[in-house]
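**Q** One structure is given below, represented as structure tokens, and several questions about it will come after.
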Amino acid sequence: MSINKYFPFVFIYFFVNSVALPFGLIYTSLLAPIFYTWILLTRKKDVLLPFLAVLLPFVIAHLFLVGVDQPTYFTSLLNLLLVYISCQAVYTFFKLCNDPEQIFRQIFVINSILCVVAAVIYFTPFYSLMWAEQEFTSGITEFLRMRMFTYEPSYYATLFTPIFLFFFLQYMFELNTIRKGWLLPMLILPYFLSFSIGVMGCIILSVLFTWLIYFPKLTAKRRILNSIITGGVILGFVLVVVVLFFRHNPLFTRIGNIFGGEDLSGKGRTRDAFILAAQMLEENNKYWGIGLGQIKIAGADIVRSYYKYSPDYPVTIPNATAETWAIFGWIGLIIRLGVEIFLFFFTTVWKNYYRLLLFLFIFFYQFTGSFITNIAEYVIWIMAFSNIFPQFSVRFEKRATLSHQMTV
């Protein structure tokens with residue numbers, strides 16, 4: 001198998017982007033100056049100035065109207081610019097790469113091997129290399145979840161989602177070149193080991209909504225219908241067994257805590273995040289926000305008081321939408337959601353199953369987690385608004401299936 005010239009950068013992004021770096025710093029951001037030069041040489045136009053033009057009113061408002069801690073503000077601004085340049089590099093890569101499917105397949109194979117390695121390491125004293133020990137929910141502490149080589153299990157699960165949805169659609173449309181006996185377990189295993197309830201929940205919602213939108217067309221396909229029936233029977237059987245014999249398992253405990261309002265992680269990533277953002281805006285400027293990097297300064301006392309944290313406890317808002325609201329105010333939040341909705345219609349996302357799944361997933365997920373410099377989230381947005389895999393286009397799907405059958 002040949003190696004695509006872009007593969008080393010994709011490998012860095014997916015597997016080792018934060019290895020041996022301080023928290024919050026990633027290699028793709030450090031490579032941003034090189035990416036920027038490559039973009040200028042390749043696309044023959046500057047991509048940074050339009051973004052700076054959008055940010056300029058906020059910078060002026062934050063510096064002269066709101067008032068910010070300037071060293072922290074400009075450090076955070078620089079970080080945001082580096083992430084933006086990295087995202088432009090990703091977009092340029094997708095425009096130039098002739099065979100992204102090959103790279104997806106290579107990443108999938110390597111990830112599958114590493115998942116097996118992680119499963120073995122779980123039982124050794126070296127488990128911390130690929131596993132994170134966390135409080136999973138109220139009543140369940142020191143729970144191990146696979147994070148691969150990233151800093152957090154849910155971040156890894158988000159990274160894997162475009163890969164999962166690609167091969168999931170390949171299987172459903174009978175386009176898969178990997179045997180299903182190998183494909184399906186290796187698609188499920190990363191989520192089973194990382195155990196990210198938020199990511200899995202958003203994937204299920206995106207699949208369900210896509211199925212409902214194209215219900216007659218999708219349900220008419222034999223493999224999809226068989227998968228729904230078989231999956232429903234297996235799920236029902238597993239649920240009966242688990243309820244009867246393993247009722248007090250971590251998954252059921254967390255689901256019960258979520259519905260009972262006792263899951264601190266779930267509340268912190270959803271309801272609490274918006275409550276804290278609202279309180280920060282009440283004490284600052286609700287239209288322009290409190291400014292980049294100011295949550296840990298202007299919002300620190302609010303967060304620590306709300307959770308009764310110690311004075312030295314680091315504070316964040318672990319929700320991309322709520323964080324956008326706090327940092328950029330109502331104006332920033334409206335721009336964020338407005339751009340997403342505009343690009344959904346402008347790029348006709350609904351005409352491609354893969355793009356629709358990605359859009360629905362990340363649209364839901366931004367209200368349940370993530371953060372504004374999360375490059376994994378932006379890569380999914382870029383893929384949702386780009387026609388990377390036309391074989392999943394709604395009107396060409398039948399033709400692609402027939403072509404695949406003729407070549408098999």
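A note on labels: chains of the structure tokens are A, B, ... as shown, every chain counts residues from 1, and ligands are counted from 1 in their shown order.
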For Ser138 in chain A, please output as number ranges by chain all residues within 12 Å (counting only C-alpha atoms; exclusion window: fewer than 6 positions along the same chain).
**A** A: 250-258, 260-267
**Q** Go ahead and save the picked residues with N, CA and C atoms, as a PDB file, in the first residue's frame.
**A**
ATOM      1  N   PRO A 250     -21.855   0.498  35.116  1.00  0.00           N
ATOM      2  CA  PRO A 250     -21.526   1.924  35.000  1.00  0.00           C
ATOM      3  C   PRO A 250     -22.425   2.696  34.034  1.00  0.00           C
ATOM      4  N   LEU A 251     -22.795   2.066  32.908  1.00  0.00           N
ATOM      5  CA  LEU A 251     -23.626   2.763  31.920  1.00  0.00           C
ATOM      6  C   LEU A 251     -24.998   3.080  32.491  1.00  0.00           C
ATOM      7  N   PHE A 252     -25.652   2.096  33.078  1.00  0.00           N
ATOM      8  CA  PHE A 252     -26.985   2.311  33.651  1.00  0.00           C
ATOM      9  C   PHE A 252     -26.931   3.303  34.810  1.00  0.00           C
ATOM     10  N   THR A 253     -25.852   3.194  35.602  1.00  0.00           N
ATOM     11  CA  THR A 253     -25.699   4.117  36.731  1.00  0.00           C
ATOM     12  C   THR A 253     -25.588   5.554  36.236  1.00  0.00           C
ATOM     13  N   ARG A 254     -24.791   5.753  35.179  1.00  0.00           N
ATOM     14  CA  ARG A 254     -24.637   7.121  34.677  1.00  0.00           C
ATOM     15  C   ARG A 254     -25.930   7.620  34.033  1.00  0.00           C
ATOM     16  N   ILE A 255     -26.597   6.785  33.261  1.00  0.00           N
ATOM     17  CA  ILE A 255     -27.857   7.200  32.647  1.00  0.00           C
ATOM     18  C   ILE A 255     -28.870   7.578  33.726  1.00  0.00           C
ATOM     19  N   GLY A 256     -28.914   6.768  34.786  1.00  0.00           N
ATOM     20  CA  GLY A 256     -29.809   7.088  35.895  1.00  0.00           C
ATOM     21  C   GLY A 256     -29.446   8.405  36.560  1.00  0.00           C
ATOM     22  N   ASN A 257     -28.138   8.645  36.719  1.00  0.00           N
ATOM     23  CA  ASN A 257     -27.692   9.907  37.317  1.00  0.00           C
ATOM     24  C   ASN A 257     -28.011  11.098  36.421  1.00  0.00           C
ATOM     25  N   ILE A 258     -27.892  10.906  35.105  1.00  0.00           N
ATOM     26  CA  ILE A 258     -28.197  11.989  34.167  1.00  0.00           C
ATOM     27  C   ILE A 258     -29.661  12.399  34.287  1.00  0.00           C
ATOM     28  N   GLY A 260     -31.573  11.786  36.734  1.00  0.00           N
ATOM     29  CA  GLY A 260     -31.845  12.220  38.097  1.00  0.00           C
ATOM     30  C   GLY A 260     -31.178  13.528  38.462  1.00  0.00           C
ATOM     31  N   GLY A 261     -30.430  14.100  37.519  1.00  0.00           N
ATOM     32  CA  GLY A 261     -29.755  15.368  37.759  1.00  0.00           C
ATOM     33  C   GLY A 261     -28.553  15.254  38.679  1.00  0.00           C
ATOM     34  N   GLU A 262     -27.990  14.049  38.806  1.00  0.00           N
ATOM     35  CA  GLU A 262     -26.877  13.828  39.725  1.00  0.00           C
ATOM     36  C   GLU A 262     -25.556  13.582  39.009  1.00  0.00           C
ATOM     37  N   ASP A 263     -25.567  13.648  37.682  1.00  0.00           N
ATOM     38  CA  ASP A 263     -24.334  13.425  36.934  1.00  0.00           C
ATOM     39  C   ASP A 263     -23.605  14.757  36.769  1.00  0.00           C
ATOM     40  N   LEU A 264     -22.545  14.958  37.529  1.00  0.00           N
ATOM     41  CA  LEU A 264     -21.848  16.243  37.537  1.00  0.00           C
ATOM     42  C   LEU A 264     -21.205  16.553  36.186  1.00  0.00           C
ATOM     43  N   SER A 265     -20.666  15.532  35.514  1.00  0.00           N
ATOM     44  CA  SER A 265     -20.034  15.758  34.217  1.00  0.00           C
ATOM     45  C   SER A 265     -21.061  16.178  33.177  1.00  0.00           C
ATOM     46  N   GLY A 266     -22.179  15.463  33.125  1.00  0.00           N
ATOM     47  CA  GLY A 266     -23.223  15.801  32.169  1.00  0.00           C
ATOM     48  C   GLY A 266     -23.804  17.182  32.413  1.00  0.00           C
ATOM     49  N   LYS A 267     -24.049  17.516  33.683  1.00  0.00           N
ATOM     50  CA  LYS A 267     -24.580  18.841  34.016  1.00  0.00           C
ATOM     51  C   LYS A 267     -23.563  19.930  33.695  1.00  0.00           C
TER      52      LYS A 267
END
**Q** Skipping near chain neighbours, those fewer than 2 positions away, what residues fall within 12 Å of Tyr191 in chain A using only C-alpha atoms, listed as an MDAnalysis selection string?
**A** chainID A and resid 111:112 115 145:148 153:161 164 184:189 193:201 203
**Q** Among range 282-390 of chain A, which residues does DSSP mark as helix (DSSP H, G or I) when it is run on the backbone? Keep the chain and numbering as in the structure and answer as number ranges by chain.
**A** A: 282, 300-307, 320-346, 349-351, 353-365, 375-384, 390
**Q** Identify, with DSSP run on backbone atoms, the residues in range 33-198 of chain A assigned to strand (DSSP E), and express the list as a list of chain:residue names.
**A**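 Assigned to strand (DSSP E), within range 33-198 of chain A: A:Trp131, A:Ala132, A:Glu133, A:Gln134, A:Phe143, A:Leu144, A:Arg145, A:Met146.
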**Q** With only C-alpha atoms as the counted atoms, please give the residues lying no more than 9 Å from range 384-392 of chain A, apart from itself and same-chain residues fewer than 2 positions off, as a PyMOL selection string.
**A** chain A and resi 91+94-95+100-101+166+169-170+173+343-344+346-349+351-359+379-382+394-397+399-401
**Q** Looking at A:Thr368, A:Phe361, A:Asp312, A:Thr324, which one is nearest to Leu165 in chain A, with distances taken over only C-alpha atoms?
**A**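 When distances to Leu165 in chain A are compared using only C-alpha atoms, the smallest one comes from A:Phe361.
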**Q** Rounded to one decimal in Å, what is the spacing between CA of Pro318 in chain A and CA of Gly268 in chain A?
**A**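 Answer for the CA of Pro318 in chain A to CA of Gly268 in chain A separation: 7.1 Å.
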**Q** What is the distance, in Å and to one decimal place, between CA of Ala320 in chain A and CA of Ser370 in chain A?
**A**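 Taking CA of Ala320 in chain A and CA of Ser370 in chain A, their separation equals 5.0 Å.
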**Q** Between CA of Ala89 in chain A and CA of Trp350 in chain A, what is the spacing in Å?
**A**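 Rounded to one decimal, the two atoms are 24.9 Å apart.
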**Q** Compile the contact shell of Leu281 in chain A as a list of chain:residue names: residues with an atom at most 9 Å away, counting only C-alpha atoms, same-chain residues fewer than 6 positions apart removed.
**A** A:Tyr287, A:Trp288, A:Gly289, A:Ile290, A:Trp325, A:Ala326, A:Ile327, A:Gly329
